[in-house]
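What follows is the content of input00.txt (compact mmCIF, N, CA, C and O atoms).
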# COMPACT_ATOMS: atom_id res chain seq x y z
N MET A 1 25.47 121.18 137.62
CA MET A 1 25.86 119.94 138.27
C MET A 1 25.16 119.84 139.62
O MET A 1 25.04 120.80 140.35
N ILE A 2 24.71 118.66 139.93
CA ILE A 2 24.03 118.39 141.20
C ILE A 2 25.11 118.03 142.23
O ILE A 2 25.77 117.00 142.12
N ASN A 3 25.28 118.89 143.24
CA ASN A 3 26.27 118.60 144.27
C ASN A 3 25.60 117.90 145.46
O ASN A 3 24.39 117.71 145.49
N ASP A 4 26.41 117.52 146.44
CA ASP A 4 25.88 116.79 147.60
C ASP A 4 24.87 117.62 148.38
O ASP A 4 23.87 117.09 148.87
N GLU A 5 25.10 118.92 148.47
CA GLU A 5 24.19 119.79 149.21
C GLU A 5 22.81 119.83 148.54
O GLU A 5 21.78 119.73 149.20
N THR A 6 22.80 119.98 147.22
CA THR A 6 21.54 120.01 146.48
C THR A 6 20.81 118.68 146.60
O THR A 6 19.60 118.63 146.81
N LEU A 7 21.55 117.58 146.49
CA LEU A 7 20.94 116.26 146.59
C LEU A 7 20.37 116.03 147.99
O LEU A 7 19.27 115.50 148.14
N SER A 8 21.06 116.48 149.02
CA SER A 8 20.55 116.36 150.39
C SER A 8 19.30 117.19 150.59
O SER A 8 18.35 116.76 151.26
N LYS A 9 19.27 118.38 149.99
CA LYS A 9 18.09 119.23 150.11
C LYS A 9 16.89 118.59 149.40
O LYS A 9 15.78 118.58 149.94
N LEU A 10 17.11 118.04 148.22
CA LEU A 10 16.03 117.34 147.51
C LEU A 10 15.53 116.15 148.31
O LEU A 10 14.34 115.88 148.37
N GLU A 11 16.45 115.45 148.93
CA GLU A 11 16.09 114.29 149.75
C GLU A 11 15.23 114.72 150.94
O GLU A 11 14.21 114.09 151.24
N ARG A 12 15.62 115.81 151.57
CA ARG A 12 14.87 116.30 152.73
C ARG A 12 13.50 116.81 152.33
O ARG A 12 12.48 116.48 152.95
N LEU A 13 13.43 117.60 151.25
CA LEU A 13 12.16 118.17 150.82
C LEU A 13 11.19 117.11 150.31
O LEU A 13 9.98 117.23 150.49
N SER A 14 11.70 116.07 149.67
CA SER A 14 10.83 115.02 149.14
C SER A 14 10.49 113.98 150.20
O SER A 14 9.63 113.13 149.98
N MET A 15 11.17 114.05 151.34
CA MET A 15 10.99 113.07 152.41
C MET A 15 11.25 111.65 151.90
O MET A 15 10.55 110.71 152.26
N LEU A 16 12.26 111.53 151.02
CA LEU A 16 12.67 110.24 150.50
C LEU A 16 14.11 109.98 150.91
O LEU A 16 14.90 110.91 151.04
N GLU A 17 14.44 108.73 151.11
CA GLU A 17 15.82 108.36 151.37
C GLU A 17 16.44 107.91 150.06
O GLU A 17 15.99 106.95 149.44
N ILE A 18 17.45 108.62 149.62
CA ILE A 18 18.14 108.27 148.38
C ILE A 18 19.32 107.38 148.75
O ILE A 18 20.27 107.83 149.38
N THR A 19 19.23 106.11 148.36
CA THR A 19 20.28 105.16 148.74
C THR A 19 21.42 105.16 147.74
O THR A 19 22.58 105.03 148.13
N ASP A 20 21.13 105.28 146.45
CA ASP A 20 22.17 105.28 145.43
C ASP A 20 22.36 106.71 144.92
O ASP A 20 21.78 107.11 143.91
N LYS A 21 23.15 107.47 145.65
CA LYS A 21 23.30 108.90 145.35
C LYS A 21 23.96 109.14 144.00
O LYS A 21 23.58 110.05 143.28
N ASP A 22 24.95 108.31 143.63
CA ASP A 22 25.64 108.52 142.36
C ASP A 22 24.70 108.30 141.18
O ASP A 22 24.68 109.08 140.23
N SER A 23 23.90 107.26 141.23
CA SER A 23 22.96 106.97 140.15
C SER A 23 21.88 108.05 140.08
O SER A 23 21.53 108.52 138.98
N THR A 24 21.37 108.47 141.23
CA THR A 24 20.35 109.51 141.26
C THR A 24 20.90 110.82 140.73
O THR A 24 20.24 111.51 139.95
N ARG A 25 22.13 111.15 141.12
CA ARG A 25 22.77 112.38 140.64
C ARG A 25 22.91 112.32 139.11
O ARG A 25 22.62 113.30 138.42
N ALA A 26 23.32 111.18 138.58
CA ALA A 26 23.49 111.03 137.13
C ALA A 26 22.15 111.19 136.41
O ALA A 26 22.08 111.85 135.36
N HIS A 27 21.09 110.59 136.95
CA HIS A 27 19.77 110.71 136.33
C HIS A 27 19.28 112.16 136.36
O HIS A 27 18.73 112.66 135.37
N LEU A 28 19.46 112.84 137.48
CA LEU A 28 19.02 114.24 137.58
C LEU A 28 19.80 115.13 136.62
O LEU A 28 19.23 116.02 135.99
N GLU A 29 21.09 114.88 136.49
CA GLU A 29 21.90 115.67 135.57
C GLU A 29 21.49 115.41 134.12
O GLU A 29 21.48 116.32 133.29
N GLU A 30 21.10 114.17 133.81
CA GLU A 30 20.61 113.85 132.48
C GLU A 30 19.30 114.60 132.19
O GLU A 30 19.11 115.14 131.10
N ILE A 31 18.43 114.65 133.18
CA ILE A 31 17.16 115.38 133.03
C ILE A 31 17.43 116.86 132.82
O ILE A 31 16.83 117.50 131.94
N LEU A 32 18.32 117.44 133.61
CA LEU A 32 18.64 118.86 133.47
C LEU A 32 19.28 119.14 132.12
O LEU A 32 19.03 120.20 131.51
N GLY A 33 20.10 118.21 131.62
CA GLY A 33 20.69 118.37 130.29
C GLY A 33 19.62 118.36 129.21
O GLY A 33 19.69 119.13 128.24
N PHE A 34 18.62 117.49 129.36
CA PHE A 34 17.52 117.45 128.41
C PHE A 34 16.76 118.77 128.42
O PHE A 34 16.38 119.30 127.36
N ILE A 35 16.54 119.32 129.60
CA ILE A 35 15.83 120.60 129.71
C ILE A 35 16.65 121.71 129.04
O ILE A 35 16.09 122.57 128.35
N ASP A 36 17.97 121.68 129.21
CA ASP A 36 18.82 122.67 128.53
C ASP A 36 18.68 122.55 127.02
O ASP A 36 18.68 123.56 126.32
N ASN A 37 18.59 121.31 126.51
CA ASN A 37 18.40 121.12 125.06
C ASN A 37 17.08 121.73 124.62
O ASN A 37 17.00 122.33 123.54
N LEU A 38 16.03 121.58 125.42
CA LEU A 38 14.73 122.15 125.07
C LEU A 38 14.78 123.68 125.03
O LEU A 38 14.11 124.32 124.22
N LYS A 39 15.57 124.26 125.93
CA LYS A 39 15.69 125.72 125.97
C LYS A 39 16.30 126.26 124.67
O LYS A 39 16.03 127.38 124.27
N ASN A 40 17.14 125.45 124.02
CA ASN A 40 17.85 125.90 122.82
C ASN A 40 17.06 125.69 121.54
O ASN A 40 17.51 126.07 120.46
N LEU A 41 15.87 125.09 121.61
CA LEU A 41 15.06 124.87 120.42
C LEU A 41 14.51 126.19 119.90
O LEU A 41 14.03 127.02 120.66
N GLU A 42 14.60 126.36 118.60
CA GLU A 42 14.05 127.54 117.96
C GLU A 42 12.60 127.23 117.57
O GLU A 42 12.35 126.40 116.71
N CYS A 43 11.65 127.88 118.21
CA CYS A 43 10.25 127.56 117.94
C CYS A 43 9.40 128.82 117.74
O CYS A 43 8.18 128.77 117.86
N LYS A 44 10.03 129.93 117.40
CA LYS A 44 9.28 131.17 117.20
C LYS A 44 8.36 131.09 115.98
O LYS A 44 7.32 131.72 115.96
N GLU A 45 8.74 130.30 114.98
CA GLU A 45 7.95 130.22 113.76
C GLU A 45 6.89 129.12 113.82
O GLU A 45 6.11 128.96 112.89
N ILE A 46 6.84 128.36 114.88
CA ILE A 46 5.87 127.28 115.01
C ILE A 46 4.58 127.84 115.58
O ILE A 46 4.57 128.47 116.64
N GLN A 47 3.49 127.62 114.87
CA GLN A 47 2.19 128.10 115.31
C GLN A 47 1.49 127.03 116.14
O GLN A 47 1.55 125.84 115.81
N PRO A 48 0.84 127.41 117.22
CA PRO A 48 0.13 126.42 118.04
C PRO A 48 -1.06 125.83 117.29
O PRO A 48 -1.69 126.51 116.48
N ASP A 49 -1.33 124.57 117.54
CA ASP A 49 -2.48 123.90 116.93
C ASP A 49 -3.60 123.86 117.95
O ASP A 49 -3.61 123.03 118.87
N ASN A 50 -4.56 124.76 117.82
CA ASN A 50 -5.65 124.88 118.78
C ASN A 50 -6.79 123.90 118.52
O ASN A 50 -7.80 123.93 119.21
N THR A 51 -6.64 123.05 117.51
CA THR A 51 -7.71 122.10 117.20
C THR A 51 -7.59 120.83 118.02
O THR A 51 -8.53 120.04 118.07
N LEU A 52 -6.46 120.61 118.66
CA LEU A 52 -6.26 119.41 119.46
C LEU A 52 -6.91 119.57 120.83
O LEU A 52 -6.88 120.65 121.42
N HIS A 53 -7.49 118.51 121.33
CA HIS A 53 -8.05 118.55 122.67
C HIS A 53 -8.02 117.14 123.26
O HIS A 53 -7.95 116.15 122.55
N THR A 54 -8.09 117.10 124.55
CA THR A 54 -8.11 115.83 125.27
C THR A 54 -9.56 115.48 125.60
O THR A 54 -10.25 116.27 126.24
N PRO A 55 -10.02 114.33 125.13
CA PRO A 55 -11.40 113.97 125.47
C PRO A 55 -11.52 113.71 126.97
O PRO A 55 -10.65 113.09 127.59
N LEU A 56 -12.59 114.19 127.55
CA LEU A 56 -12.81 114.04 128.98
C LEU A 56 -13.93 113.04 129.24
O LEU A 56 -14.85 112.90 128.46
N ARG A 57 -13.83 112.36 130.34
CA ARG A 57 -14.88 111.43 130.74
C ARG A 57 -15.75 112.11 131.79
O ARG A 57 -15.36 113.11 132.38
N ASP A 58 -16.92 111.56 132.03
CA ASP A 58 -17.77 112.07 133.08
C ASP A 58 -17.12 111.83 134.43
O ASP A 58 -16.50 110.78 134.65
N ASP A 59 -17.23 112.79 135.30
CA ASP A 59 -16.66 112.67 136.65
C ASP A 59 -17.73 112.10 137.57
O ASP A 59 -18.62 112.81 138.02
N ASN A 60 -17.64 110.82 137.83
CA ASN A 60 -18.58 110.14 138.71
C ASN A 60 -17.85 109.71 139.98
O ASN A 60 -17.13 108.72 139.97
N PRO A 61 -18.02 110.46 141.06
CA PRO A 61 -17.30 110.10 142.29
C PRO A 61 -17.79 108.77 142.86
O PRO A 61 -18.97 108.44 142.81
N HIS A 62 -16.85 108.00 143.36
CA HIS A 62 -17.17 106.74 144.02
C HIS A 62 -16.07 106.41 145.02
O HIS A 62 -14.94 106.85 144.86
N ASP A 63 -16.40 105.69 146.03
CA ASP A 63 -15.44 105.33 147.07
C ASP A 63 -15.01 103.88 146.87
O ASP A 63 -15.76 102.96 147.15
N ASP A 64 -13.80 103.71 146.33
CA ASP A 64 -13.31 102.36 146.12
C ASP A 64 -12.23 102.00 147.14
O ASP A 64 -11.53 101.00 146.98
N GLY A 65 -12.08 102.83 148.16
CA GLY A 65 -11.12 102.53 149.23
C GLY A 65 -9.68 102.89 148.91
O GLY A 65 -8.78 102.62 149.70
N ILE A 66 -9.45 103.51 147.76
CA ILE A 66 -8.08 103.83 147.37
C ILE A 66 -7.46 104.88 148.28
O ILE A 66 -6.26 104.85 148.54
N SER A 67 -8.26 105.81 148.81
CA SER A 67 -7.70 106.86 149.66
C SER A 67 -7.08 106.27 150.92
O SER A 67 -6.01 106.69 151.36
N LYS A 68 -7.70 105.28 151.51
CA LYS A 68 -7.14 104.65 152.71
C LYS A 68 -5.86 103.91 152.38
O LYS A 68 -4.90 103.91 153.15
N ALA A 69 -5.81 103.26 151.23
CA ALA A 69 -4.60 102.55 150.81
C ALA A 69 -3.46 103.53 150.57
O ALA A 69 -2.32 103.27 150.97
N VAL A 70 -3.76 104.66 149.95
CA VAL A 70 -2.72 105.66 149.68
C VAL A 70 -2.24 106.27 151.00
O VAL A 70 -1.04 106.40 151.23
N LEU A 71 -3.17 106.64 151.86
CA LEU A 71 -2.79 107.26 153.14
C LEU A 71 -2.02 106.29 154.03
O LEU A 71 -1.20 106.71 154.85
N SER A 72 -2.23 104.99 153.87
CA SER A 72 -1.50 104.02 154.70
C SER A 72 -0.02 104.01 154.36
O SER A 72 0.81 103.59 155.17
N ASN A 73 0.35 104.49 153.17
CA ASN A 73 1.76 104.55 152.76
C ASN A 73 2.42 105.86 153.13
O ASN A 73 3.63 106.01 152.96
N ALA A 74 1.66 106.82 153.61
CA ALA A 74 2.20 108.13 153.95
C ALA A 74 2.97 108.06 155.27
O ALA A 74 2.57 107.34 156.18
N PRO A 75 4.08 108.81 155.36
CA PRO A 75 4.81 108.83 156.62
C PRO A 75 3.94 109.36 157.77
O PRO A 75 4.01 108.86 158.88
N LYS A 76 3.11 110.37 157.47
CA LYS A 76 2.23 110.94 158.49
C LYS A 76 0.89 111.28 157.85
O LYS A 76 0.84 111.83 156.76
N SER A 77 -0.20 110.93 158.53
CA SER A 77 -1.53 111.29 158.05
C SER A 77 -2.46 111.42 159.24
O SER A 77 -2.18 110.92 160.33
N ASP A 78 -3.56 112.12 159.02
CA ASP A 78 -4.57 112.29 160.05
C ASP A 78 -5.92 112.32 159.36
O ASP A 78 -6.14 113.14 158.46
N SER A 79 -6.81 111.43 159.74
CA SER A 79 -8.12 111.28 159.09
C SER A 79 -7.92 111.02 157.61
O SER A 79 -7.31 110.05 157.24
N ASP A 80 -8.39 111.93 156.78
CA ASP A 80 -8.26 111.77 155.33
C ASP A 80 -7.25 112.74 154.73
O ASP A 80 -7.35 113.09 153.55
N PHE A 81 -6.25 113.16 155.50
CA PHE A 81 -5.31 114.17 155.05
C PHE A 81 -3.87 113.72 155.25
O PHE A 81 -3.55 113.02 156.21
N PHE A 82 -3.00 114.16 154.33
CA PHE A 82 -1.56 113.98 154.50
C PHE A 82 -1.06 115.07 155.44
O PHE A 82 -1.51 116.21 155.38
N ILE A 83 -0.12 114.73 156.29
CA ILE A 83 0.56 115.73 157.11
C ILE A 83 1.96 115.88 156.52
O ILE A 83 2.71 114.90 156.42
N VAL A 84 2.28 117.10 156.09
CA VAL A 84 3.56 117.35 155.45
C VAL A 84 4.31 118.43 156.21
O VAL A 84 3.70 119.28 156.87
N PRO A 85 5.63 118.42 156.13
CA PRO A 85 6.40 119.46 156.83
C PRO A 85 6.28 120.78 156.11
O PRO A 85 6.03 120.86 154.90
N LYS A 86 6.46 121.84 156.87
CA LYS A 86 6.49 123.17 156.31
C LYS A 86 7.76 123.29 155.48
O LYS A 86 8.86 122.99 155.96
N ILE A 87 7.64 123.70 154.20
CA ILE A 87 8.83 123.72 153.35
C ILE A 87 9.25 125.13 152.94
O ILE A 87 10.26 125.29 152.30
N ILE A 88 8.48 126.12 153.31
CA ILE A 88 8.85 127.49 152.95
C ILE A 88 9.94 127.94 153.92
O ILE A 88 9.77 127.91 155.12
N GLU A 89 11.05 128.34 153.33
CA GLU A 89 12.19 128.73 154.16
C GLU A 89 12.27 130.23 154.28
O GLU A 89 11.87 130.97 153.48
Can you present the structure in this file as structure tokens?
Amino acid sequence: MINDETLSKLERLSMLEITDKDSTRAHLEEILGFIDNLKNLECKEIQPDNTLHTPLRDDNPHDDGISKAVLSNAPKSDSDFFIVPKIIE
């Protein structure tokens, strides 16, 4: 169960303001419940399919100005970098 302390810590670490705490708590608990369901799946007899792959495109760098648009939404930035708080406790 997600308690107020955990929700406050997530809010602080993500640097987001959670306005609807009850709804957010319910969504997070639903996600954790889904993960618990995945943990209970029996998949020892399932063999991996190594023939599947994701097609890749050529990496052609170009400057379309998206970095400045993204950085303009950041709470803190300097030049071309995000400034984030130290999160290791």
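If you look at atom CA of A:Asp36 and atom CA of A:Leu10, they are 19.9 Å away from each other.
Between atom CA of A:Ile35 and atom CA of A:Leu7 the interatomic distance comes to 18.2 Å.
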(request) Record the distance separating atom CA of A:Leu16 and atom CA of A:Ser77, expressed in Å with one decimal. (result) 16.1 Å
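Residues within 7 Å of stretch 61-67 of chain A, counting all atoms listed in the file and excluding same-chain residues fewer than 6 positions away, are Asn73, Ser79 and Asp80 of chain A.
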Taking the DSSP assignment computed from this structure's backbone, write out as a short mmCIF file (atom, residue, chain, number, x, y, z; two decimals) with N, CA, C and O atoms, in the frame of the given file all residues of chain A that belong to strand (DSSP E or B).
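Below is the file that was written, out_35.cif:
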data_model
loop_
_atom_site.label_atom_id
_atom_site.label_comp_id
_atom_site.auth_asym_id
_atom_site.auth_seq_id
_atom_site.Cartn_x
_atom_site.Cartn_y
_atom_site.Cartn_z
N SER A 77 -0.20 110.93 158.53
CA SER A 77 -1.53 111.29 158.05
C SER A 77 -2.46 111.42 159.24
O SER A 77 -2.18 110.92 160.33
N ASP A 78 -3.56 112.12 159.02
CA ASP A 78 -4.57 112.29 160.05
C ASP A 78 -5.92 112.32 159.36
O ASP A 78 -6.14 113.14 158.46
N PHE A 81 -6.25 113.16 155.50
CA PHE A 81 -5.31 114.17 155.05
C PHE A 81 -3.87 113.72 155.25
O PHE A 81 -3.55 113.02 156.21
N PHE A 82 -3.00 114.16 154.33
CA PHE A 82 -1.56 113.98 154.50
C PHE A 82 -1.06 115.07 155.44
O PHE A 82 -1.51 116.21 155.38
#
Set the distance at 7 Å and use only N, CA, C and O atoms: which residues neighbour stretch 26-33 of chain A once local chain neighbours fewer than 6 positions away are removed? I'd like the list as a PDB file with N, CA, C and O atoms, in the frame of the given file.
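Writing the result to out-v9.pdb gives the following:
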ATOM      1  N   MET A   1      25.470 121.180 137.620  1.00  0.00           N
ATOM      2  CA  MET A   1      25.860 119.940 138.270  1.00  0.00           C
ATOM      3  C   MET A   1      25.160 119.840 139.620  1.00  0.00           C
ATOM      4  O   MET A   1      25.040 120.800 140.350  1.00  0.00           O
ATOM      5  N   ILE A   2      24.710 118.660 139.930  1.00  0.00           N
ATOM      6  CA  ILE A   2      24.030 118.390 141.200  1.00  0.00           C
ATOM      7  C   ILE A   2      25.110 118.030 142.230  1.00  0.00           C
ATOM      8  O   ILE A   2      25.770 117.000 142.120  1.00  0.00           O
ATOM      9  N   ASP A  20      21.130 105.280 146.450  1.00  0.00           N
ATOM     10  CA  ASP A  20      22.170 105.280 145.430  1.00  0.00           C
ATOM     11  C   ASP A  20      22.360 106.710 144.920  1.00  0.00           C
ATOM     12  O   ASP A  20      21.780 107.110 143.910  1.00  0.00           O
ATOM     13  N   LYS A  39      15.570 124.260 125.930  1.00  0.00           N
ATOM     14  CA  LYS A  39      15.690 125.720 125.970  1.00  0.00           C
ATOM     15  C   LYS A  39      16.300 126.260 124.670  1.00  0.00           C
ATOM     16  O   LYS A  39      16.030 127.380 124.270  1.00  0.00           O
TER      17      LYS A  39
END
(message) Residues near stretch 81-88 of chain A, anyone? I mean within 8 Å using only N, CA, C and O atoms, not counting same-chain ones fewer than 5 positions away, as a VMD selection string.
(response) chain A and resid 12 to 13 67 71 74 to 76
